[in-house]
Amino acid sequence: MRTRPTTRALQYLAVLCYLVFLAFPLLWLISSSLKSPQEFASITPSFLPKHPDLSNFSDALEEQGLVRSMLNSLQISVATTVLVLVVSLPVAYALARFRSRLRPVTNGWILVSQVFPVILIVIPLFLILRPLHLTNTIPGVVIVYMVWSLPFALWMLQGYVAAVPRELEEAASVDGASRVRTIVSIVMPLLRPGLIATAMFTFISAWNEFFFALVLLQDPQLKTLPLVLARFVGAEGQVQFGPLAAASVLATVPSLVFFAFLQRRLTSGLLSGAVKG
Amino acid sequence: MKKVVTALMAAGALVALAACGGGSDNSSGDSGSTEKVTLKFQSLAFQKTTVAATKKIVADWNAANPNIQVEYVQGSWDSVHDQLVTQFQGGTAPDVIQDESADITGFANQGYLADLSQYLSQETKDAVPQGVWDTVSSDGKVFAAPTLLQSYVVFGNSALLKQAGVSATGDSLSWDQLQADAKKLTAGGKYGLGWGLKSPTATVLNLGMNFDAAFFEGTGRDAQVKIGDPELEVPKRINAMAYTDKSIDPTSLTQSGSDVLPGFFGGKYALIVGGNYAAQQIVEQAPKGFQWEVLPPLKGSSEKQAANPQTLSVPAEGKHIKESAQFIDFLMKAENLAAVGQGDWLIPTTQAARDAIQQATGGKNGWTQTLASGAELTKAPFQSVENYPKWKDQIATPALQEFLANKIDLVTLGKKLNDGWGQVNS
Amino acid sequence: MSTATLTAAPEQAGGSKRPGRPKQNREAIFLFLPALLPVLLLSVYPLLRGIALGFTDARAGLNVDTNFIGFDNFAKLLHNELFWDSFRIGLIWTLSVTILQFVAALGLALLLNTNLKFRGVARTLALIPWAMPPVVVAIMWRLLLHPTNGPVNEILQSLHLTDHPINFLGDFSTALPAVIVVGVWVGMPMTTVTLLAGLQGIDRSLYEAAAVDGAGAWHQFWYITLPQLRTVIIAITSLDMIWNFNSFGLVYVLTAGGPGGKTMLPMLFAYNEAFRYGNFGMAAAMGDVMVVIIIVFLAFYLRSRLRSEA
């Protein structure tokens, strides 16, 4: 396919517009994190800080357990992501490929679990976790996150599995490959973009989750990042914005790095698919 | 097939492992013996100064009481209510809970809070005026120790006041005077007054006490709403200032209290009305050389405002109520209360602590006026109405927002406030 | 289509149409196994309890008795105008956000799927809204839209698009549109990544074959891209719809339902009922109503979408 220069120019322009819309708030956040409270409250906002300094960052890092909470969040998010992928792939495959009775049941559960107000589930959930000694522990939070990210992962993954041409698998099974082999060597590579999208979603929803963590984790040593960030918000809408902006910048960077790393895989999924196709 | 089974087993084992992994329970729950107990104290301290002061108090206590150790747990005002609802329901509330009177009334009615009347020391009881105890008690039971109070005060930009020849002395500032001053200060695209009333109900009900506005009669579920001229006086005046005198910036009425501060610093507003805790933000954020002052307390037919103190409570199911109350007694000591009050720019509930702040600050930065306004804070009828929060969210706030945006008239406002009660209290 | 279609084993194709073949069921159960226990324990059971709660008078309180009261809650809800008002607002919010999100994300995904320079950077930057914790997102937008010192008003004024600052979140006419824009902003990366992953999964040879036949870009988009993406589009739009209908944290921090109830979403309403007023039973009943309505809604949506498959 060849693209005309004008079309190309328009494409760049369109991408630029999108990026301004999506990224401007972050740039502004970074700029704010370098501003003093006085400058922050100034009536004429300036895009670049006049006297940039890092005191907001030192204030944020001084905050009890910010770094600790980032490590906790990282641990929880990675564990959740791995578990979700391991558990959801076989189920999604079964949902997309077999017309089993479990399919309508599962899809029903997926819908209801996404629709029913989660806040009303917290209390029964809490009462189940307590006798299992899972409240106030990281594994407890991981399992809860896994279970609650699963519906999305299944719903998405079965869409991606369904998009993998059945013929490829059938060709393989004609060649005598077992079902497992077929999944691992044929379906998985084609599914890579879908798996990565699911992984990103799971990771980020665990990284950002607030309410379950608030209820389940009481030990200050175990607090996750969103819980610590909430600390900068006081009563009656008072916000310590400088330190909050600094802490948010620190909190956003790891996910972005993670994304930058993953999105490259998103492309390589395409390449390997193209080779096989 | 074998491979998939192994993979599944591995995954299953992982889950099982994770399930068994967390055996540690929280340390406060199980020690039933008389030896050493550990209390969890969930503090909502927000300003840096207050956090430091609170932690120091905890350290002092721990040094003096090796057998009753207190663990500082940081909570946040933003999420405290949700957190407490779930903690109470799940039976894991911390031993000492910080909150505010308006928020704990519901918890007290639901039976979640311990009656502290027999546990708190006589010294603590005597130090706080009865009018303030009333805000945390019902039927002779005391559900919390009140610590710090907030009142609504008028902050002024000293330079602009001087320029316009507005003097802010005297024991009180009448509403008529406020209106006249604001008019005088309005000129050249600048407004006399900026008032962050995004959540108008609390302000209107609290300041309504200036005009003896009751809003409710009776208590609990039987309470009846009462909307008459005194109740509508405050919104009426604000609306008149915004749309007749044009001395209040109407945009500010849709913003939160801290959102109007940049306009105050930038000279867009000569005066702002807000909770006295805003002083801390002014100190932190105001540009260098910005001169500000606190005007005398607002006065209608009186200077009364509703008292909504910050509180310290103990859960009814707490295992160490006695020890928790001892710690609360310690927090209520004049020097400790003064330390946290000064950090938050709030008024301690005890006279001794107020004196300590007056002495420490020399009454500067408006502390004299701030502390003086504390004397007029008493319980308001709405504080013992069970469905008040619902009426506030679903009826009063939207109706007041509409009225302050000049979308409905005073009669309609009164009707909405009145009729809405029947809807939510059924 | 590719030649592979011809090789489809007839037995397999025929079999998959009939529901519940025993062998497949057994195999399926195996694949389900690892998910089963945690899901039953931590999701299905709490969900069932939550749903059942709607038929009780459960209230917050120490040692409060809970009684089964049948459909009383629902009967009461029928007359609760405020609840239905919030439903109307919720519907406007859900549809606007979902549609705008989808259109914007599809455009971005298509652009990011071309071989533009710097697309790796662009792809990462496009994910920014996603990488920010919701607490921060809401507070940040409040400041961006601030009437006194927010950059958005500053820019609008310097471009002479408005002569006086607008309080987007506080004004009766702009509050809902403003939260919708923020809603679109927050949800775009998610939808974009999903669609992009779908685009990457499309077999290139389809385009090559079409190009040989002389089909233009628009033709290719309409006859190859969209049909190939269909399952992914259905999945993500229906999920977006559910999530948007259920979202409340963002709006809660942005406007808390104000001004004058203009942004009171149903979830916010149910949340208050449970957590502020302690009426768990009534709140659960609201949840039940939402479940039923969303499922009916989705059933229509999915049915009409899936029918176009045939």
# chains A, B, ... in the order shown; residues from 1 in each chain; ligands from 1
>>> residues_around(residues="Asn72 (chain A)", least_positions_apart="4", cutoff="12 Å", atoms="only C-alpha atoms", output="NGL selection string")
:A and (65-68 or 76-79 or 137-139 or 141-142 or 206-207 or 213 or 217 or 219-228)
>>> write_last_selection(atoms="N, CA and C atoms", output="PDB file, in the first residue's frame")
ATOM      1  N   GLY A  65       6.095   5.707  53.680  1.00  0.00           N
ATOM      2  CA  GLY A  65       5.889   4.530  52.848  1.00  0.00           C
ATOM      3  C   GLY A  65       5.473   4.735  51.412  1.00  0.00           C
ATOM      4  N   LEU A  66       5.866   5.827  50.755  1.00  0.00           N
ATOM      5  CA  LEU A  66       5.507   5.953  49.345  1.00  0.00           C
ATOM      6  C   LEU A  66       6.241   4.901  48.512  1.00  0.00           C
ATOM      7  N   VAL A  67       7.529   4.794  48.765  1.00  0.00           N
ATOM      8  CA  VAL A  67       8.324   3.830  48.006  1.00  0.00           C
ATOM      9  C   VAL A  67       7.865   2.410  48.318  1.00  0.00           C
ATOM     10  N   ARG A  68       7.687   2.190  49.600  1.00  0.00           N
ATOM     11  CA  ARG A  68       7.185   0.896  50.059  1.00  0.00           C
ATOM     12  C   ARG A  68       5.872   0.530  49.363  1.00  0.00           C
ATOM     13  N   ILE A  76       1.800  -6.813  43.825  1.00  0.00           N
ATOM     14  CA  ILE A  76       0.405  -7.239  43.672  1.00  0.00           C
ATOM     15  C   ILE A  76       0.010  -7.251  42.194  1.00  0.00           C
ATOM     16  N   SER A  77       0.393  -6.214  41.471  1.00  0.00           N
ATOM     17  CA  SER A  77      -0.038  -6.114  40.077  1.00  0.00           C
ATOM     18  C   SER A  77       0.588  -7.206  39.221  1.00  0.00           C
ATOM     19  N   VAL A  78       1.878  -7.461  39.435  1.00  0.00           N
ATOM     20  CA  VAL A  78       2.542  -8.495  38.631  1.00  0.00           C
ATOM     21  C   VAL A  78       1.926  -9.858  38.939  1.00  0.00           C
ATOM     22  N   ALA A  79       1.783 -10.167  40.221  1.00  0.00           N
ATOM     23  CA  ALA A  79       1.224 -11.467  40.596  1.00  0.00           C
ATOM     24  C   ALA A  79      -0.171 -11.637  40.015  1.00  0.00           C
ATOM     25  N   THR A 137      -3.577  -9.253  53.983  1.00  0.00           N
ATOM     26  CA  THR A 137      -2.398  -9.909  53.422  1.00  0.00           C
ATOM     27  C   THR A 137      -2.340  -9.606  51.933  1.00  0.00           C
ATOM     28  N   ILE A 138      -1.151  -9.665  51.396  1.00  0.00           N
ATOM     29  CA  ILE A 138      -0.999  -9.415  49.962  1.00  0.00           C
ATOM     30  C   ILE A 138      -1.608 -10.548  49.125  1.00  0.00           C
ATOM     31  N   PRO A 139      -1.376 -11.832  49.484  1.00  0.00           N
ATOM     32  CA  PRO A 139      -2.024 -12.894  48.699  1.00  0.00           C
ATOM     33  C   PRO A 139      -3.542 -12.736  48.643  1.00  0.00           C
ATOM     34  N   VAL A 141      -5.300  -9.979  48.641  1.00  0.00           N
ATOM     35  CA  VAL A 141      -5.627  -8.954  47.663  1.00  0.00           C
ATOM     36  C   VAL A 141      -5.407  -9.492  46.253  1.00  0.00           C
ATOM     37  N   VAL A 142      -4.326 -10.240  46.067  1.00  0.00           N
ATOM     38  CA  VAL A 142      -4.028 -10.768  44.735  1.00  0.00           C
ATOM     39  C   VAL A 142      -5.164 -11.668  44.258  1.00  0.00           C
ATOM     40  N   ALA A 206      -5.081  -3.477  38.589  1.00  0.00           N
ATOM     41  CA  ALA A 206      -4.578  -3.818  39.917  1.00  0.00           C
ATOM     42  C   ALA A 206      -3.743  -2.662  40.481  1.00  0.00           C
ATOM     43  N   TRP A 207      -2.994  -2.023  39.615  1.00  0.00           N
ATOM     44  CA  TRP A 207      -2.120  -0.923  40.047  1.00  0.00           C
ATOM     45  C   TRP A 207      -2.942   0.251  40.565  1.00  0.00           C
ATOM     46  N   ALA A 213      -8.566  -2.505  48.206  1.00  0.00           N
ATOM     47  CA  ALA A 213      -7.340  -2.345  48.983  1.00  0.00           C
ATOM     48  C   ALA A 213      -7.624  -1.583  50.270  1.00  0.00           C
ATOM     49  N   LEU A 217      -6.700  -4.027  53.340  1.00  0.00           N
ATOM     50  CA  LEU A 217      -5.351  -3.842  53.891  1.00  0.00           C
ATOM     51  C   LEU A 217      -5.353  -2.782  54.984  1.00  0.00           C
ATOM     52  N   ASP A 219      -2.648  -2.920  57.588  1.00  0.00           N
ATOM     53  CA  ASP A 219      -1.276  -2.768  58.020  1.00  0.00           C
ATOM     54  C   ASP A 219      -0.582  -1.687  57.176  1.00  0.00           C
ATOM     55  N   PRO A 220      -0.038  -0.654  57.830  1.00  0.00           N
ATOM     56  CA  PRO A 220       0.608   0.414  57.053  1.00  0.00           C
ATOM     57  C   PRO A 220       1.707  -0.124  56.132  1.00  0.00           C
ATOM     58  N   GLN A 221       2.331  -1.223  56.540  1.00  0.00           N
ATOM     59  CA  GLN A 221       3.395  -1.806  55.726  1.00  0.00           C
ATOM     60  C   GLN A 221       2.876  -2.378  54.401  1.00  0.00           C
ATOM     61  N   LEU A 222       1.584  -2.667  54.355  1.00  0.00           N
ATOM     62  CA  LEU A 222       1.040  -3.345  53.179  1.00  0.00           C
ATOM     63  C   LEU A 222       0.290  -2.411  52.236  1.00  0.00           C
ATOM     64  N   LYS A 223       0.158  -1.153  52.608  1.00  0.00           N
ATOM     65  CA  LYS A 223      -0.671  -0.240  51.819  1.00  0.00           C
ATOM     66  C   LYS A 223      -0.189  -0.141  50.386  1.00  0.00           C
ATOM     67  N   THR A 224      -1.154  -0.006  49.473  1.00  0.00           N
ATOM     68  CA  THR A 224      -0.778   0.139  48.069  1.00  0.00           C
ATOM     69  C   THR A 224      -0.717   1.619  47.701  1.00  0.00           C
ATOM     70  N   LEU A 225      -0.197   1.866  46.540  1.00  0.00           N
ATOM     71  CA  LEU A 225       0.046   3.233  46.107  1.00  0.00           C
ATOM     72  C   LEU A 225      -1.197   4.135  46.132  1.00  0.00           C
ATOM     73  N   PRO A 226      -2.337   3.697  45.559  1.00  0.00           N
ATOM     74  CA  PRO A 226      -3.498   4.594  45.577  1.00  0.00           C
ATOM     75  C   PRO A 226      -3.913   4.978  46.998  1.00  0.00           C
ATOM     76  N   LEU A 227      -3.724   4.067  47.954  1.00  0.00           N
ATOM     77  CA  LEU A 227      -4.075   4.389  49.333  1.00  0.00           C
ATOM     78  C   LEU A 227      -3.192   5.511  49.852  1.00  0.00           C
ATOM     79  N   VAL A 228      -1.915   5.454  49.517  1.00  0.00           N
ATOM     80  CA  VAL A 228      -0.998   6.481  49.996  1.00  0.00           C
ATOM     81  C   VAL A 228      -1.267   7.808  49.284  1.00  0.00           C
TER      82      VAL A 228
END
>>> closest_atom_pairs(of="chain C", to="chain A", cutoff="7 Å", atoms="only C-alpha atoms", output="Markdown table")
| residue | atom | partner | partner_atom | distance |
| --- | --- | --- | --- | --- |
| C:Ala4 | CA | A:Glu167 | CA | 5.8 |
| C:Thr5 | CA | A:Glu167 | CA | 6.3 |
| C:Ala8 | CA | A:Glu167 | CA | 5.8 |
| C:Ser16 | CA | A:Arg99 | CA | 5.9 |
| C:Pro19 | CA | A:Arg99 | CA | 5.0 |
| C:Gly20 | CA | A:Ser100 | CA | 4.5 |
| C:Arg21 | CA | A:Ser100 | CA | 6.9 |
| C:Gln24 | CA | A:Phe98 | CA | 6.4 |
| C:Asn25 | CA | A:Ser100 | CA | 5.3 |
| C:Ala28 | CA | A:Ala94 | CA | 5.5 |
| C:Leu31 | CA | A:Pro90 | CA | 5.1 |
| C:Phe32 | CA | A:Val91 | CA | 5.1 |
| C:Pro34 | CA | A:Val87 | CA | 6.1 |
| C:Ala35 | CA | A:Val87 | CA | 5.8 |
| C:Pro38 | CA | A:Val147 | CA | 6.6 |
| C:Val39 | CA | A:Val147 | CA | 5.7 |
| C:Leu42 | CA | A:Leu125 | CA | 6.2 |
| C:Ser43 | CA | A:Val147 | CA | 6.7 |
| C:Pro46 | CA | A:Pro124 | CA | 5.4 |
| C:Leu47 | CA | A:Ile121 | CA | 6.3 |
| C:Gly50 | CA | A:Ile121 | CA | 5.9 |
| C:Leu111 | CA | A:Gln11 | CA | 6.8 |
| C:Gly120 | CA | A:Arg264 | CA | 7.0 |
| C:Thr124 | CA | A:Ala260 | CA | 5.2 |
| C:Leu125 | CA | A:Ala23 | CA | 6.4 |
| C:Ala126 | CA | A:Leu22 | CA | 6.1 |
| C:Ile128 | CA | A:Ala23 | CA | 6.3 |
| C:Pro129 | CA | A:Leu22 | CA | 6.6 |
| C:Ala131 | CA | A:Thr252 | CA | 5.4 |
| C:Met132 | CA | A:Thr252 | CA | 5.4 |
| C:Pro133 | CA | A:Asn208 | CA | 5.0 |
| C:Pro134 | CA | A:Asn208 | CA | 6.9 |
| C:Val135 | CA | A:Ala230 | CA | 6.9 |
| C:Val136 | CA | A:Ser248 | CA | 6.8 |
| C:Thr148 | CA | A:Ile43 | CA | 6.3 |
| C:Asn149 | CA | A:Ile43 | CA | 5.0 |
| C:Gly150 | CA | A:Pro45 | CA | 6.7 |
| C:Pro151 | CA | A:Pro45 | CA | 6.3 |
| C:Trp185 | CA | A:Leu22 | CA | 6.8 |
| C:Val193 | CA | A:Ala197 | CA | 6.2 |
| C:Thr194 | CA | A:Ala197 | CA | 6.0 |
| C:Ala197 | CA | A:Pro193 | CA | 4.8 |
| C:Gln200 | CA | A:Leu270 | CA | 5.2 |
| C:Gly201 | CA | A:Leu270 | CA | 6.6 |
| C:Asp203 | CA | A:Gly277 | CA | 6.5 |
| C:Arg204 | CA | A:Ala274 | CA | 6.5 |
| C:Thr231 | CA | A:Gly159 | CA | 5.3 |
| C:Val232 | CA | A:Gly159 | CA | 5.4 |
| C:Ala235 | CA | A:Met156 | CA | 6.2 |
| C:Ile242 | CA | A:Val115 | CA | 6.1 |
| C:Asn246 | CA | A:Val115 | CA | 6.8 |
| C:Ala284 | CA | A:Leu120 | CA | 6.7 |
| C:Gly287 | CA | A:Phe116 | CA | 5.7 |
| C:Val291 | CA | A:Val115 | CA | 5.6 |
>>> interface_residues(of="chain C", to="chain B", cutoff="8 Å", atoms="only C-alpha atoms", output="ChimeraX atom specification")
/C:33-34,60-62,82,146-149,167,170-171,258-261,275-277
>>> residues_around(residues="Ile321 (chain B)", least_positions_apart="4", cutoff="8 Å", atoms="only C-alpha atoms", output="NGL selection string")
:B and (95 or 114 or 119 or 314-316 or 325)
>>> closest_residue(among="A:Thr135, A:Gln218, A:Asn56, A:Gln38", to="chain B", atoms="only C-alpha atoms")
A:Gln38
>>> closest_residue(among="B:Ser76, B:Gln69, B:Gln310, B:Thr105", to="chain A", atoms="only C-alpha atoms")
B:Ser76
>>> atom_distance(atom1="CA of Gly107 (chain C)", atom2="CA of Ile92 (chain C)")
22.6 Å
>>> select_by_dssp(residues="region 144-227 of chain B", states="helix (DSSP H, G or I)", output="ChimeraX atom specification")
/B:158-164,175-185,200-211
>>> write_last_selection(atoms="N, CA, C and O atoms", output="compact mmCIF listing (two decimals), in the first residue's frame")
# COMPACT_ATOMS: atom_id res chain seq x y z
N SER B 158 -5.62 42.39 53.38
CA SER B 158 -5.42 43.61 54.16
C SER B 158 -5.19 44.83 53.28
O SER B 158 -5.74 45.91 53.53
N ALA B 159 -4.39 44.66 52.23
CA ALA B 159 -4.08 45.80 51.37
C ALA B 159 -5.34 46.37 50.73
O ALA B 159 -5.56 47.59 50.73
N LEU B 160 -6.18 45.49 50.20
CA LEU B 160 -7.40 45.94 49.54
C LEU B 160 -8.36 46.58 50.54
O LEU B 160 -9.06 47.54 50.22
N LEU B 161 -8.41 46.01 51.75
CA LEU B 161 -9.30 46.57 52.77
C LEU B 161 -8.87 48.00 53.08
O LEU B 161 -9.70 48.91 53.17
N LYS B 162 -7.56 48.17 53.24
CA LYS B 162 -7.06 49.49 53.60
C LYS B 162 -7.36 50.48 52.49
O LYS B 162 -7.84 51.59 52.72
N GLN B 163 -7.10 50.04 51.26
CA GLN B 163 -7.32 50.87 50.09
C GLN B 163 -8.76 51.40 50.02
O GLN B 163 -8.99 52.56 49.73
N ALA B 164 -9.70 50.51 50.33
CA ALA B 164 -11.11 50.89 50.23
C ALA B 164 -11.61 51.53 51.52
O ALA B 164 -12.77 51.89 51.62
N TRP B 175 -24.08 40.97 59.35
CA TRP B 175 -24.28 40.58 57.95
C TRP B 175 -24.50 41.82 57.07
O TRP B 175 -24.04 41.87 55.94
N ASP B 176 -25.22 42.84 57.64
CA ASP B 176 -25.43 44.07 56.88
C ASP B 176 -24.11 44.74 56.57
O ASP B 176 -23.87 45.24 55.48
N GLN B 177 -23.23 44.72 57.59
CA GLN B 177 -21.92 45.33 57.41
C GLN B 177 -21.12 44.57 56.34
O GLN B 177 -20.48 45.19 55.49
N LEU B 178 -21.19 43.24 56.41
CA LEU B 178 -20.47 42.42 55.42
C LEU B 178 -20.94 42.79 54.01
O LEU B 178 -20.15 42.98 53.09
N GLN B 179 -22.27 42.92 53.89
CA GLN B 179 -22.86 43.23 52.59
C GLN B 179 -22.37 44.61 52.11
O GLN B 179 -21.98 44.76 50.94
N ALA B 180 -22.35 45.58 53.02
CA ALA B 180 -21.91 46.93 52.66
C ALA B 180 -20.43 46.93 52.29
O ALA B 180 -20.03 47.53 51.29
N ASP B 181 -19.63 46.24 53.10
CA ASP B 181 -18.18 46.17 52.82
C ASP B 181 -17.93 45.55 51.46
O ASP B 181 -17.12 46.05 50.67
N ALA B 182 -18.62 44.44 51.20
CA ALA B 182 -18.40 43.73 49.95
C ALA B 182 -18.72 44.63 48.77
O ALA B 182 -18.02 44.65 47.76
N LYS B 183 -19.79 45.41 48.93
CA LYS B 183 -20.20 46.33 47.87
C LYS B 183 -19.11 47.37 47.63
O LYS B 183 -18.76 47.69 46.50
N LYS B 184 -18.61 47.89 48.74
CA LYS B 184 -17.58 48.92 48.67
C LYS B 184 -16.33 48.38 47.99
O LYS B 184 -15.62 49.10 47.29
N LEU B 185 -16.05 47.11 48.22
CA LEU B 185 -14.80 46.51 47.70
C LEU B 185 -14.94 46.02 46.26
O LEU B 185 -13.99 45.55 45.66
N PRO B 200 -23.09 23.66 49.46
CA PRO B 200 -23.61 24.78 50.24
C PRO B 200 -24.32 24.41 51.54
O PRO B 200 -24.43 25.25 52.43
N THR B 201 -24.78 23.15 51.66
CA THR B 201 -25.70 22.86 52.76
C THR B 201 -25.07 23.09 54.13
O THR B 201 -25.67 23.74 54.99
N ALA B 202 -23.87 22.56 54.32
CA ALA B 202 -23.26 22.68 55.64
C ALA B 202 -23.10 24.15 56.02
O ALA B 202 -23.45 24.56 57.14
N THR B 203 -22.63 24.96 55.08
CA THR B 203 -22.42 26.37 55.38
C THR B 203 -23.74 27.06 55.71
O THR B 203 -23.84 27.81 56.68
N VAL B 204 -24.75 26.79 54.89
CA VAL B 204 -26.03 27.47 55.10
C VAL B 204 -26.64 27.07 56.44
O VAL B 204 -27.16 27.91 57.18
N LEU B 205 -26.55 25.80 56.80
CA LEU B 205 -27.15 25.37 58.06
C LEU B 205 -26.35 25.87 59.26
O LEU B 205 -26.92 26.28 60.27
N ASN B 206 -25.01 25.83 59.12
CA ASN B 206 -24.19 26.29 60.24
C ASN B 206 -24.35 27.79 60.47
O ASN B 206 -24.59 28.23 61.58
N LEU B 207 -24.20 28.57 59.40
CA LEU B 207 -24.31 30.01 59.56
C LEU B 207 -25.75 30.44 59.81
O LEU B 207 -26.00 31.51 60.35
N GLY B 208 -26.71 29.60 59.42
CA GLY B 208 -28.11 29.88 59.69
C GLY B 208 -28.37 30.11 61.17
O GLY B 208 -29.25 30.89 61.55
N MET B 209 -27.54 29.47 61.99
CA MET B 209 -27.68 29.66 63.44
C MET B 209 -27.52 31.13 63.82
O MET B 209 -28.04 31.57 64.83
N ASN B 210 -26.81 31.91 63.01
CA ASN B 210 -26.70 33.36 63.22
C ASN B 210 -28.08 34.00 63.32
O ASN B 210 -28.26 35.03 63.95
N PHE B 211 -29.05 33.42 62.60
CA PHE B 211 -30.40 33.98 62.57
C PHE B 211 -31.40 33.04 63.25
O PHE B 211 -32.58 33.06 62.93
>>> residues_around(residues="Tyr72 (chain B)", least_positions_apart="5", cutoff="8 Å", atoms="only C-alpha atoms", output="ChimeraX atom specification")
/B:40-43,55,58
>>> write_last_selection(atoms="N, CA and C atoms", output="compact mmCIF listing (two decimals), in the first residue's frame")
# COMPACT_ATOMS: atom_id res chain seq x y z
N LYS B 40 -4.71 0.23 67.89
CA LYS B 40 -4.54 0.89 66.59
C LYS B 40 -5.27 2.23 66.64
N PHE B 41 -4.56 3.28 66.32
CA PHE B 41 -5.15 4.61 66.33
C PHE B 41 -5.18 5.13 64.90
N GLN B 42 -6.37 5.21 64.35
CA GLN B 42 -6.48 5.69 62.97
C GLN B 42 -6.65 7.20 62.96
N SER B 43 -5.59 7.88 62.57
CA SER B 43 -5.57 9.33 62.58
C SER B 43 -5.83 9.88 61.19
N LYS B 55 2.00 12.36 65.70
CA LYS B 55 2.97 11.28 65.90
C LYS B 55 3.79 11.48 67.16
N VAL B 58 1.75 10.32 70.09
CA VAL B 58 1.75 8.85 70.18
C VAL B 58 3.08 8.37 70.76
>>> atom_distance(atom1="CA of Asn239 (chain B)", atom2="CA of Ser173 (chain C)")
19.5 Å
>>> residues_around(residues="region 274-278 of chain B", least_positions_apart="5", cutoff="8 Å", atoms="only C-alpha atoms", output="list in words")
Gln150, Ser151, Tyr152, Val153, Val154, Phe155, Trp195, Gly196, Gly257, Ser258, Asp344, Trp345, Leu346 and Thr370 of chain B
>>> closest_residue(among="C:Ala283, C:Ile155, C:Val137, C:Leu78", to="Leu250 (chain C)", atoms="only C-alpha atoms")
C:Val137
>>> residues_around(residues="Trp133 (chain B)", least_positions_apart="2", cutoff="9 Å", atoms="only C-alpha atoms", output="compact mmCIF listing (two decimals) with N, CA, C and O atoms, in the first residue's frame")
# COMPACT_ATOMS: atom_id res chain seq x y z
N LYS B 125 -13.95 15.30 81.04
CA LYS B 125 -15.36 15.70 80.99
C LYS B 125 -15.55 17.15 81.38
O LYS B 125 -16.34 17.87 80.78
N VAL B 128 -14.40 20.15 78.67
CA VAL B 128 -15.16 20.50 77.47
C VAL B 128 -16.53 21.02 77.86
O VAL B 128 -17.20 20.41 78.70
N PRO B 129 -16.98 22.14 77.28
CA PRO B 129 -18.30 22.68 77.64
C PRO B 129 -19.44 21.72 77.24
O PRO B 129 -19.31 20.98 76.25
N GLN B 130 -20.51 21.78 78.01
CA GLN B 130 -21.62 20.87 77.79
C GLN B 130 -22.19 20.98 76.38
O GLN B 130 -22.56 19.98 75.76
N GLY B 131 -22.25 22.21 75.86
CA GLY B 131 -22.82 22.42 74.52
C GLY B 131 -22.08 21.60 73.46
O GLY B 131 -22.67 21.17 72.48
N THR B 135 -23.03 17.51 71.13
CA THR B 135 -22.94 17.13 69.72
C THR B 135 -22.47 15.70 69.53
O THR B 135 -22.52 15.17 68.44
N VAL B 136 -21.97 15.09 70.61
CA VAL B 136 -21.48 13.71 70.47
C VAL B 136 -22.20 12.76 71.41
O VAL B 136 -21.73 11.66 71.69
N SER B 137 -23.34 13.21 71.96
CA SER B 137 -24.06 12.35 72.91
C SER B 137 -25.50 12.21 72.49
O SER B 137 -26.05 13.07 71.80
N VAL B 142 -22.25 8.86 75.69
CA VAL B 142 -21.25 9.68 75.01
C VAL B 142 -20.51 8.80 74.01
O VAL B 142 -19.93 7.79 74.38
N ALA B 144 -18.15 9.86 71.73
CA ALA B 144 -16.84 10.30 71.26
C ALA B 144 -16.34 11.40 72.18
O ALA B 144 -17.11 12.00 72.93
N ALA B 145 -15.05 11.66 72.10
CA ALA B 145 -14.51 12.84 72.74
C ALA B 145 -14.30 13.88 71.65
O ALA B 145 -13.66 13.61 70.64
N PRO B 146 -14.91 15.07 71.82
CA PRO B 146 -14.75 16.11 70.80
C PRO B 146 -13.39 16.78 70.94
O PRO B 146 -13.00 17.13 72.06
N LYS B 379 -24.59 22.91 69.61
CA LYS B 379 -25.26 21.88 68.82
C LYS B 379 -26.43 22.47 68.05
O LYS B 379 -27.15 23.32 68.55
